[in-house]
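Quick look at target-v1.pdb (PDB, C-alpha atoms and all ligand atoms):
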```pdb
MODEL        1
ATOM      1  CA  MET A  79      27.822  81.234  97.379  1.00  0.00           C
ATOM      2  CA  LYS A  80      26.681  84.791  97.799  1.00  0.00           C
ATOM      3  CA  TRP A  81      26.677  87.255 100.690  1.00  0.00           C
ATOM      4  CA  ASN A  82      24.932  90.631 100.835  1.00  0.00           C
ATOM      5  CA  CYS A  83      25.778  93.038 103.581  1.00  0.00           C
ATOM      6  CA  VAL A  84      24.208  95.799 105.557  1.00  0.00           C
ATOM      7  CA  PRO A  85      25.813  99.125 104.526  1.00  0.00           C
ATOM      8  CA  LEU A  86      29.372  99.259 105.835  1.00  0.00           C
ATOM      9  CA  ASP A  87      31.230 102.348 106.985  1.00  0.00           C
ATOM     10  CA  GLU A  88      34.990 102.525 106.431  1.00  0.00           C
ATOM     11  CA  GLU A  89      35.853 100.903 109.755  1.00  0.00           C
ATOM     12  CA  ALA A  90      33.498  97.997 109.000  1.00  0.00           C
ATOM     13  CA  LEU A  91      34.989  97.621 105.532  1.00  0.00           C
ATOM     14  CA  VAL A  92      38.478  97.425 107.048  1.00  0.00           C
ATOM     15  CA  ASP A  93      37.153  94.794 109.422  1.00  0.00           C
ATOM     16  CA  LEU A  94      35.820  92.826 106.440  1.00  0.00           C
ATOM     17  CA  GLY A  95      39.321  93.018 104.942  1.00  0.00           C
ATOM     18  CA  ARG A  96      40.723  91.543 108.145  1.00  0.00           C
ATOM     19  CA  LYS A  97      38.277  88.605 107.882  1.00  0.00           C
ATOM     20  CA  LEU A  98      39.071  88.072 104.214  1.00  0.00           C
ATOM     21  CA  SER A  99      42.813  88.060 104.908  1.00  0.00           C
ATOM     22  CA  SER A 100      42.459  84.551 106.341  1.00  0.00           C
ATOM     23  CA  TYR A 101      41.684  83.354 102.786  1.00  0.00           C
ATOM     24  CA  VAL A 102      44.969  84.654 101.390  1.00  0.00           C
ATOM     25  CA  LYS A 103      46.427  81.492  99.852  1.00  0.00           C
ATOM     26  CA  ALA A 104      48.194  80.578  96.595  1.00  0.00           C
ATOM     27  CA  GLY A 105      45.683  80.654  93.747  1.00  0.00           C
ATOM     28  CA  VAL A 106      43.108  82.735  95.607  1.00  0.00           C
ATOM     29  CA  VAL A 107      41.913  85.730  93.597  1.00  0.00           C
ATOM     30  CA  PHE A 108      39.963  88.648  95.039  1.00  0.00           C
ATOM     31  CA  SER A 109      38.384  90.622  92.207  1.00  0.00           C
ATOM     32  CA  LEU A 110      37.180  94.014  93.396  1.00  0.00           C
ATOM     33  CA  SER A 111      34.622  95.870  91.256  1.00  0.00           C
ATOM     34  CA  GLY A 112      33.089  99.273  91.853  1.00  0.00           C
ATOM     35  CA  LYS A 113      33.209 102.874  90.738  1.00  0.00           C
ATOM     36  CA  LEU A 114      36.053 105.316  91.405  1.00  0.00           C
ATOM     37  CA  GLY A 115      36.293 105.935  95.144  1.00  0.00           C
ATOM     38  CA  SER A 116      34.013 103.059  96.096  1.00  0.00           C
ATOM     39  CA  GLY A 117      36.649 101.625  98.446  1.00  0.00           C
ATOM     40  CA  LYS A 118      38.476  98.934  96.453  1.00  0.00           C
ATOM     41  CA  THR A 119      41.935 100.069  97.550  1.00  0.00           C
ATOM     42  CA  THR A 120      40.750 100.562 101.132  1.00  0.00           C
ATOM     43  CA  LEU A 121      39.605  96.916 101.202  1.00  0.00           C
ATOM     44  CA  ALA A 122      42.753  95.675  99.439  1.00  0.00           C
ATOM     45  CA  ARG A 123      44.938  97.510 101.973  1.00  0.00           C
ATOM     46  CA  ALA A 124      43.096  95.909 104.880  1.00  0.00           C
ATOM     47  CA  ILE A 125      43.579  92.428 103.405  1.00  0.00           C
ATOM     48  CA  ILE A 126      47.292  93.084 102.741  1.00  0.00           C
ATOM     49  CA  ARG A 127      47.945  94.695 106.129  1.00  0.00           C
ATOM     50  CA  ASN A 128      46.474  91.724 107.973  1.00  0.00           C
ATOM     51  CA  ALA A 129      48.131  89.064 105.808  1.00  0.00           C
ATOM     52  CA  CYS A 130      51.637  90.578 105.732  1.00  0.00           C
ATOM     53  CA  ASN A 131      53.165  91.108 109.135  1.00  0.00           C
ATOM     54  CA  GLY A 132      54.868  94.432 109.561  1.00  0.00           C
ATOM     55  CA  VAL A 133      54.129  95.702 106.051  1.00  0.00           C
ATOM     56  CA  GLY A 134      54.820  99.415 105.642  1.00  0.00           C
ATOM     57  CA  ASP A 135      53.140 101.731 103.162  1.00  0.00           C
ATOM     58  CA  ILE A 136      50.547 100.194 100.845  1.00  0.00           C
ATOM     59  CA  PRO A 137      50.289 102.650  97.946  1.00  0.00           C
ATOM     60  CA  SER A 138      47.558 102.386  95.333  1.00  0.00           C
ATOM     61  CA  PRO A 139      49.264 100.844  92.265  1.00  0.00           C
ATOM     62  CA  THR A 140      47.537 103.393  90.053  1.00  0.00           C
ATOM     63  CA  PHE A 141      50.447 104.042  87.719  1.00  0.00           C
ATOM     64  CA  ASN A 142      52.670 100.953  87.996  1.00  0.00           C
ATOM     65  CA  LEU A 143      49.528  98.708  87.721  1.00  0.00           C
ATOM     66  CA  VAL A 144      50.831  96.160  90.238  1.00  0.00           C
ATOM     67  CA  GLN A 145      52.565  96.090  93.611  1.00  0.00           C
ATOM     68  CA  SER A 146      53.608  92.883  95.373  1.00  0.00           C
ATOM     69  CA  TYR A 147      53.926  92.111  99.074  1.00  0.00           C
ATOM     70  CA  GLU A 148      55.640  89.131 100.689  1.00  0.00           C
ATOM     71  CA  VAL A 149      53.398  87.073 102.981  1.00  0.00           C
ATOM     72  CA  VAL A 150      56.016  84.424 103.710  1.00  0.00           C
ATOM     73  CA  THR A 151      59.210  83.624 101.805  1.00  0.00           C
ATOM     74  CA  GLY A 152      58.283  82.740  98.221  1.00  0.00           C
ATOM     75  CA  PHE A 153      54.590  83.578  98.582  1.00  0.00           C
ATOM     76  CA  GLU A 154      53.214  87.022  97.840  1.00  0.00           C
ATOM     77  CA  ILE A 155      50.086  89.092  97.420  1.00  0.00           C
ATOM     78  CA  TRP A 156      49.975  90.854  94.062  1.00  0.00           C
ATOM     79  CA  HIS A 157      47.778  93.932  94.208  1.00  0.00           C
ATOM     80  CA  PHE A 158      46.680  95.074  90.746  1.00  0.00           C
ATOM     81  CA  ASP A 159      44.938  98.310  89.760  1.00  0.00           C
ATOM     82  CA  LEU A 160      44.134  97.808  86.078  1.00  0.00           C
ATOM     83  CA  TYR A 161      42.285 101.085  85.525  1.00  0.00           C
ATOM     84  CA  ARG A 162      45.053 102.300  83.217  1.00  0.00           C
ATOM     85  CA  LEU A 163      45.676  98.959  81.507  1.00  0.00           C
ATOM     86  CA  ASN A 164      45.903  99.287  77.735  1.00  0.00           C
ATOM     87  CA  SER A 165      45.567  95.654  76.703  1.00  0.00           C
ATOM     88  CA  ILE A 166      45.421  92.085  77.998  1.00  0.00           C
ATOM     89  CA  GLU A 167      48.941  91.643  76.600  1.00  0.00           C
ATOM     90  CA  GLU A 168      50.152  94.336  78.969  1.00  0.00           C
ATOM     91  CA  ALA A 169      48.707  92.379  81.907  1.00  0.00           C
ATOM     92  CA  LEU A 170      50.420  89.216  80.716  1.00  0.00           C
ATOM     93  CA  MET A 171      53.713  91.124  80.496  1.00  0.00           C
ATOM     94  CA  LEU A 172      53.331  91.974  84.183  1.00  0.00           C
ATOM     95  CA  GLY A 173      53.325  88.249  85.003  1.00  0.00           C
ATOM     96  CA  LEU A 174      49.620  88.058  85.771  1.00  0.00           C
ATOM     97  CA  GLU A 175      49.121  84.466  84.600  1.00  0.00           C
ATOM     98  CA  GLU A 176      51.839  83.065  86.871  1.00  0.00           C
ATOM     99  CA  ALA A 177      50.678  85.247  89.756  1.00  0.00           C
ATOM    100  CA  LEU A 178      47.121  83.893  89.474  1.00  0.00           C
ATOM    101  CA  ILE A 179      48.461  80.401  90.153  1.00  0.00           C
ATOM    102  CA  GLU A 180      51.473  80.887  92.399  1.00  0.00           C
ATOM    103  CA  HIS A 181      50.432  83.850  94.528  1.00  0.00           C
ATOM    104  CA  CYS A 182      47.305  85.522  95.887  1.00  0.00           C
ATOM    105  CA  CYS A 183      45.967  88.276  93.640  1.00  0.00           C
ATOM    106  CA  ILE A 184      43.800  91.252  94.542  1.00  0.00           C
ATOM    107  CA  ILE A 185      42.567  92.880  91.342  1.00  0.00           C
ATOM    108  CA  GLU A 186      40.909  96.282  91.006  1.00  0.00           C
ATOM    109  CA  TRP A 187      39.086  96.830  87.653  1.00  0.00           C
ATOM    110  CA  PRO A 188      39.022  93.071  86.812  1.00  0.00           C
ATOM    111  CA  ASN A 189      36.545  93.717  83.972  1.00  0.00           C
ATOM    112  CA  LEU A 190      39.517  94.700  81.801  1.00  0.00           C
ATOM    113  CA  ILE A 191      40.893  91.157  81.935  1.00  0.00           C
ATOM    114  CA  GLU A 192      37.573  89.305  82.161  1.00  0.00           C
ATOM    115  CA  GLN A 193      38.770  86.594  79.775  1.00  0.00           C
ATOM    116  CA  ILE A 194      41.591  85.478  82.062  1.00  0.00           C
ATOM    117  CA  ILE A 195      40.040  85.961  85.496  1.00  0.00           C
ATOM    118  CA  PRO A 196      39.688  82.467  87.005  1.00  0.00           C
ATOM    119  CA  SER A 197      36.106  81.270  87.504  1.00  0.00           C
ATOM    120  CA  HIS A 198      36.823  80.475  91.164  1.00  0.00           C
ATOM    121  CA  SER A 199      37.640  84.127  91.957  1.00  0.00           C
ATOM    122  CA  ILE A 200      36.134  85.784  95.004  1.00  0.00           C
ATOM    123  CA  HIS A 201      34.105  88.549  93.341  1.00  0.00           C
ATOM    124  CA  ILE A 202      33.462  91.564  95.540  1.00  0.00           C
ATOM    125  CA  GLN A 203      31.213  94.363  94.322  1.00  0.00           C
ATOM    126  CA  LEU A 204      31.385  97.719  96.137  1.00  0.00           C
ATOM    127  CA  ASP A 205      28.625 100.273  95.613  1.00  0.00           C
ATOM    128  CA  PHE A 206      27.901 103.680  97.058  1.00  0.00           C
ATOM    129  CA  ARG A 207      24.849 103.530  99.277  1.00  0.00           C
ATOM    130  CA  ASP A 208      23.311 106.565  97.610  1.00  0.00           C
ATOM    131  CA  ARG A 209      23.726 107.430  93.962  1.00  0.00           C
ATOM    132  CA  LYS A 210      24.288 111.114  94.660  1.00  0.00           C
ATOM    133  CA  ARG A 211      27.090 110.400  97.139  1.00  0.00           C
ATOM    134  CA  SER A 212      25.506 112.904  99.505  1.00  0.00           C
ATOM    135  CA  SER A 213      25.187 112.649 103.278  1.00  0.00           C
ATOM    136  CA  LEU A 214      25.265 108.864 103.455  1.00  0.00           C
ATOM    137  CA  SER A 215      28.252 108.516 101.169  1.00  0.00           C
ATOM    138  CA  ASN A 216      30.460 107.021 103.862  1.00  0.00           C
ATOM    139  CA  GLN A 217      28.512 103.790 103.567  1.00  0.00           C
ATOM    140  CA  ARG A 218      29.134 101.125 100.994  1.00  0.00           C
ATOM    141  CA  ILE A 219      27.007  98.174  99.914  1.00  0.00           C
ATOM    142  CA  ILE A 220      29.169  95.093  99.494  1.00  0.00           C
ATOM    143  CA  THR A 221      28.220  91.909  97.674  1.00  0.00           C
ATOM    144  CA  ILE A 222      30.500  88.879  97.673  1.00  0.00           C
ATOM    145  CA  MET A 223      30.057  86.058  95.176  1.00  0.00           C
ATOM    146  CA  THR A 224      32.232  83.029  94.649  1.00  0.00           C
ATOM    147  CA  SER A 225      32.265  79.378  93.737  1.00  0.00           C
ATOM    148  CA  ASN A 226      35.564  78.870  95.584  1.00  0.00           C
ATOM    149  CA  PRO A 227      35.002  76.231  98.300  1.00  0.00           C
ATOM    150  CA  ILE A 228      37.644  77.930 100.454  1.00  0.00           C
ATOM    151  CA  MET A 229      34.972  80.504 101.350  1.00  0.00           C
ATOM    152  CA  ALA A 230      32.560  77.902 102.739  1.00  0.00           C
ATOM    153  CA  SER A 231      33.787  78.822 106.217  1.00  0.00           C
ATOM    154  CA  PHE A 232      33.051  82.526 105.734  1.00  0.00           C
ATOM    155  CA  ASP A 233      30.381  83.576 108.216  1.00  0.00           C
ATOM    156  CA  GLY A 234      29.164  86.644 106.342  1.00  0.00           C
ATOM    157  CA  LEU A 235      29.667  90.352 106.773  1.00  0.00           C
TER
HETATM  158  N1  LIG B   1      32.589 102.863 103.877  1.00  0.00           N
HETATM  159  C1  LIG B   1      33.702 103.199 103.225  1.00  0.00           C
HETATM  160  N2  LIG B   1      34.458 102.258 102.677  1.00  0.00           N
HETATM  161  C2  LIG B   1      35.571 102.583 101.980  1.00  0.00           C
HETATM  162  N3  LIG B   1      36.011 103.845 101.779  1.00  0.00           N
HETATM  163  C3  LIG B   1      35.288 104.822 102.314  1.00  0.00           C
HETATM  164  C4  LIG B   1      34.119 104.554 103.039  1.00  0.00           C
HETATM  165  N4  LIG B   1      33.587 105.724 103.419  1.00  0.00           N
HETATM  166  C5  LIG B   1      34.401 106.663 102.956  1.00  0.00           C
HETATM  167  N5  LIG B   1      35.442 106.145 102.296  1.00  0.00           N
HETATM  168  C6  LIG B   1      36.478 106.914 101.631  1.00  0.00           C
HETATM  169  O1  LIG B   1      36.297 106.700 100.233  1.00  0.00           O
HETATM  170  C7  LIG B   1      37.570 106.643  99.600  1.00  0.00           C
HETATM  171  C8  LIG B   1      37.732 105.299  98.920  1.00  0.00           C
HETATM  172  O2  LIG B   1      38.896 105.358  98.164  1.00  0.00           O
HETATM  173  P1  LIG B   1      39.614 104.085  97.554  1.00  0.00           P
HETATM  174  O3  LIG B   1      40.902 104.559  97.023  1.00  0.00           O
HETATM  175  O4  LIG B   1      39.603 102.956  98.540  1.00  0.00           O
HETATM  176  O5  LIG B   1      38.592 103.750  96.359  1.00  0.00           O
HETATM  177  P2  LIG B   1      38.874 102.907  95.053  1.00  0.00           P
HETATM  178  O6  LIG B   1      37.602 102.164  94.773  1.00  0.00           O
HETATM  179  O7  LIG B   1      40.110 102.137  95.172  1.00  0.00           O
HETATM  180  O8  LIG B   1      39.054 104.039  93.948  1.00  0.00           O
HETATM  181  P3  LIG B   1      39.797 103.937  92.515  1.00  0.00           P
HETATM  182  O9  LIG B   1      38.771 103.387  91.560  1.00  0.00           O
HETATM  183  O10 LIG B   1      40.148 105.349  92.208  1.00  0.00           O
HETATM  184  O11 LIG B   1      40.989 103.049  92.645  1.00  0.00           O
HETATM  185  C9  LIG B   1      38.616 106.883 100.677  1.00  0.00           C
HETATM  186  O12 LIG B   1      38.934 108.247 100.683  1.00  0.00           O
HETATM  187  C10 LIG B   1      37.900 106.490 101.945  1.00  0.00           C
HETATM  188  O13 LIG B   1      38.383 107.192 103.077  1.00  0.00           O
HETATM  189 MG    MG B   2      41.818 101.971  94.006  1.00  0.00          MG
ENDMDL
END
```

Spell out the structure here as C-alpha cells.
Ligand SMILES: Nc1ncnc2c1ncn2[C@@H]1O[C@H](COP(=O)(O)OP(=O)(O)OP(=O)(O)O)[C@@H](O)[C@H]1O
Ligand SMILES: [Mg+2]
Amino acid sequence: MKWNCVPLDEEALVDLGRKLSSYVKAGVVFSLSGKLGSGKTTLARAIIRNACNGVGDIPSPTFNLVQSYEVVTGFEIWHFDLYRLNSIEEALMLGLEEALIEHCCIIEWPNLIEQIIPSHSIHIQLDFRDRKRSSLSNQRIITIMTSNPIMASFDGL
C-alpha cells in the first residue's frame, strides 16, 4: 500500500500524526526518513501526544537515542533518533529488538539499522517541497508505504 500526499504545512502534518496515532499497537513500527529538519520529530510528537493521554514534554531523543512513553500500563511507544548511532550493536544494547515486538516504535534515521527494521514497518518519507528551502519551505511532501495490513483502514492524507 502506498499513499502520496498534497504538500502539508505543519498543522496538516500534526493532523496526520493524530490519524496515525490510532495505529499505535504492539509490534507496529513507524520508520521516518527525511533530511535534517524535514519534520520527523514533529510527526513523532503528534503521534505520541495523541496516543499517550496527558503526556508532558516530548523532547527529541537526539543525544540519548531513545525516549519511551507509556500508552497504557506495560505498553509503551519507544521514540528513537538514531542519527548519532555508532553501530547496530549499540541499538541492540538499547533494547531495540524487544521493543520492536513488545512496544510501538517510532524510528528517525531507520537507514542506520536497515538490517533489523521489520518488513511490515510503516515507512514514511518526508521531503522539503522545494530543494532550496526558500519561500515554500513550510510545506512537506509525505509518502507512506507499508505492507502492514493494519493500515488497510487508513483513508489517506
Ligand atoms: N510542514 C511542516 N512540517 C513539519 N515541520 C515543519 C513544517 N514546516 C515547518 N516546519 C518546521 O521545521 C522544523 C522540523 O523540525 P523537526 O525537528 O521536526 O525535523 P526532524 O526531521 O526531526 O530533524 P532532525 O533530522 O534534526 O531530527 C520545525 O522547526 C518545524 O516547526
Ligand atoms: Mg528529529

Pairwise distance for atom O7 of ligand LIG 1 (chain B) and CA of Val133 (chain A), rounded to one decimal in Å |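 Calculated distance between atom O7 of ligand LIG 1 (chain B) and CA of Val133 (chain A) is 18.9 Å.
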
Can I get the residues close to ligand LIG 1 (chain B) as a ChimeraX atom specification, where close means within 9 Å and we count only C-alpha atoms and all ligand atoms?
-> /A:85-92,110-123,138-140,159-161,186-187,204,206,214-219

With distances taken over only C-alpha atoms and all ligand atoms, which of A:Met171, A:Cys183, A:Ile136, A:Ile200 is nearest to ligand MG 2 (chain B)?
->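 Once distances to ligand MG 2 (chain B) are computed over only C-alpha atoms and all ligand atoms, the minimum belongs to A:Ile136.
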
Contacts of Phe108 (chain A) within 10 Å, only C-alpha atoms, excl. fewer than 2 positions in-chain, as a ChimeraX atom specification = /A:98,101-102,105-106,110-111,122,125,157,182-186,188,195,198-202,222,224

When distances are computed from all atoms listed in the file, which of A:Cys130, A:Ala230, A:Val84, A:Leu143 shows the smallest separation from ligand MG 2 (chain B)?
->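 The closest residue to ligand MG 2 (chain B) is A:Leu143.
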
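Put simply, the PyMOL selection byres (((chain A and resi 180) around 12) and not hetatm) in this file takes in A:Val102, A:Lys103, A:Ala104, A:Gly105, A:Val106, A:Val107, A:Gly152, A:Phe153, A:Glu154, A:Ile155, A:Trp156, A:Gly173, A:Leu174, A:Glu175, A:Glu176, A:Ala177, A:Leu178, A:Ile179, A:His181, A:Cys182, A:Cys183.
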
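Considering only C-alpha atoms and all ligand atoms, the residue among A:Ser109, A:Ser197, A:Thr151, A:Ser231 positioned nearest to ligand MG 2 (chain B) is A:Ser109.
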
Where's the centre, and what are the edge lengths in Å to one decimal, of a box along x, y and z enclosing all listed atoms of region 217-234 of chain A padded 8 Å per side, as JSON?
```
{"center_x": 32.3, "center_y": 90.0, "center_z": 101.0, "size_x": 26.6, "size_y": 43.6, "size_z": 30.5}
```

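Counting all atoms listed in the file, the residue from A:Asp233, A:Ala169, A:Asp208, A:Pro137 that sits nearest to ligand MG 2 (chain B) is A:Pro137.
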
Evaluate the PyMOL selection byres (((chain A and resi 166) around 9) and not hetatm) here and jot the selected residues down as an mmCIF file with C-alpha atoms, keeping the file's coordinate frame.
```
data_model
loop_
_atom_site.group_PDB
_atom_site.id
_atom_site.type_symbol
_atom_site.label_atom_id
_atom_site.label_comp_id
_atom_site.auth_asym_id
_atom_site.auth_seq_id
_atom_site.Cartn_x
_atom_site.Cartn_y
_atom_site.Cartn_z
ATOM 1 C CA LEU A 163 45.676 98.959 81.507
ATOM 2 C CA ASN A 164 45.903 99.287 77.735
ATOM 3 C CA SER A 165 45.567 95.654 76.703
ATOM 4 C CA GLU A 167 48.941 91.643 76.600
ATOM 5 C CA GLU A 168 50.152 94.336 78.969
ATOM 6 C CA ALA A 169 48.707 92.379 81.907
ATOM 7 C CA LEU A 170 50.420 89.216 80.716
ATOM 8 C CA MET A 171 53.713 91.124 80.496
ATOM 9 C CA LEU A 190 39.517 94.700 81.801
ATOM 10 C CA ILE A 191 40.893 91.157 81.935
ATOM 11 C CA GLN A 193 38.770 86.594 79.775
ATOM 12 C CA ILE A 194 41.591 85.478 82.062
#
```

Find the residue from A:Val144, A:Ile228, A:Ala129, A:Leu235 that sits nearest to ligand MG 2 (chain B); use only C-alpha atoms and all ligand atoms when measuring.
->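 When distances to ligand MG 2 (chain B) are compared using only C-alpha atoms and all ligand atoms, the smallest one comes from A:Val144.
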
CA of Arg207 (chain A) and CA of Cys83 (chain A) are how many Å apart?
->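 Here the two named atoms are 11.4 Å from each other.
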
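Among the candidates A:Lys97, A:Ser146, A:Phe158, A:Pro227, the one nearest to ligand MG 2 (chain B) when counting all atoms listed in the file is A:Phe158.
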
What separation in Å, quoted to one decimal, exists between CA of Asn82 (chain A) and CA of Met223 (chain A)?
-> 8.9 Å

Please provide the set of residues having any atom within 8 Å of Ala124 (chain A), restricted to all atoms listed in the file, with same-chain residues fewer than 5 positions apart removed, written as a ChimeraX atom specification.
-> /A:92-93,95-96,99

Filled-in all heavy atoms of region 223-233 of chain A, supplied as a compact mmCIF listing (two decimals), keeping the file's coordinate frame:
```
# COMPACT_ATOMS: atom_id res chain seq x y z
N MET A 223 30.52 87.24 95.91
CA MET A 223 30.06 86.06 95.18
C MET A 223 31.26 85.20 94.82
O MET A 223 32.27 85.73 94.34
CB MET A 223 29.38 86.48 93.87
CG MET A 223 27.89 86.62 93.97
SD MET A 223 27.21 87.23 92.44
CE MET A 223 28.01 88.81 92.32
N THR A 224 31.13 83.91 95.05
CA THR A 224 32.23 83.03 94.65
C THR A 224 31.78 81.58 94.56
O THR A 224 30.82 81.18 95.23
CB THR A 224 33.42 83.13 95.64
OG1 THR A 224 34.54 82.42 95.10
CG2 THR A 224 33.08 82.56 97.01
N SER A 225 32.49 80.82 93.76
CA SER A 225 32.26 79.38 93.74
C SER A 225 33.46 78.68 94.40
O SER A 225 33.54 77.46 94.39
CB SER A 225 32.13 78.90 92.29
OG SER A 225 33.33 79.18 91.59
N ASN A 226 34.37 79.46 94.98
CA ASN A 226 35.56 78.87 95.58
C ASN A 226 35.21 78.24 96.93
O ASN A 226 34.79 78.94 97.85
CB ASN A 226 36.63 79.96 95.77
CG ASN A 226 37.98 79.36 96.13
OD1 ASN A 226 38.06 78.30 96.74
ND2 ASN A 226 39.05 80.05 95.74
N PRO A 227 35.39 76.91 97.05
CA PRO A 227 35.00 76.23 98.30
C PRO A 227 35.75 76.73 99.53
O PRO A 227 35.29 76.54 100.65
CB PRO A 227 35.31 74.75 98.02
CG PRO A 227 36.15 74.73 96.80
CD PRO A 227 35.91 75.99 96.03
N ILE A 228 36.88 77.41 99.31
CA ILE A 228 37.64 77.93 100.45
C ILE A 228 36.79 78.88 101.29
O ILE A 228 36.96 79.01 102.50
CB ILE A 228 38.94 78.64 99.98
CG1 ILE A 228 39.93 78.80 101.13
CG2 ILE A 228 38.64 79.99 99.36
CD1 ILE A 228 41.26 79.41 100.73
N MET A 229 35.80 79.51 100.65
CA MET A 229 34.97 80.50 101.35
C MET A 229 33.79 79.88 102.09
O MET A 229 32.99 80.59 102.69
CB MET A 229 34.47 81.55 100.35
CG MET A 229 35.54 82.54 99.91
SD MET A 229 35.93 83.76 101.18
CE MET A 229 34.52 84.87 100.99
N ALA A 230 33.69 78.56 102.06
CA ALA A 230 32.56 77.90 102.74
C ALA A 230 32.54 78.24 104.23
O ALA A 230 31.49 78.27 104.86
CB ALA A 230 32.63 76.40 102.52
N SER A 231 33.72 78.52 104.77
CA SER A 231 33.79 78.82 106.22
C SER A 231 33.51 80.29 106.53
O SER A 231 33.48 80.68 107.69
CB SER A 231 35.18 78.46 106.75
OG SER A 231 36.16 79.28 106.12
N PHE A 232 33.27 81.09 105.51
CA PHE A 232 33.05 82.53 105.73
C PHE A 232 31.68 82.73 106.37
O PHE A 232 30.67 82.23 105.86
CB PHE A 232 33.15 83.27 104.39
CG PHE A 232 33.04 84.76 104.51
CD1 PHE A 232 33.98 85.50 105.19
CD2 PHE A 232 31.97 85.43 103.91
CE1 PHE A 232 33.88 86.87 105.29
CE2 PHE A 232 31.86 86.81 103.99
CZ PHE A 232 32.82 87.53 104.69
N ASP A 233 31.65 83.48 107.48
CA ASP A 233 30.38 83.58 108.22
C ASP A 233 29.62 84.86 107.88
O ASP A 233 28.77 85.30 108.65
CB ASP A 233 30.62 83.46 109.72
CG ASP A 233 31.50 84.59 110.25
OD1 ASP A 233 31.92 85.44 109.44
OD2 ASP A 233 31.75 84.63 111.46
```
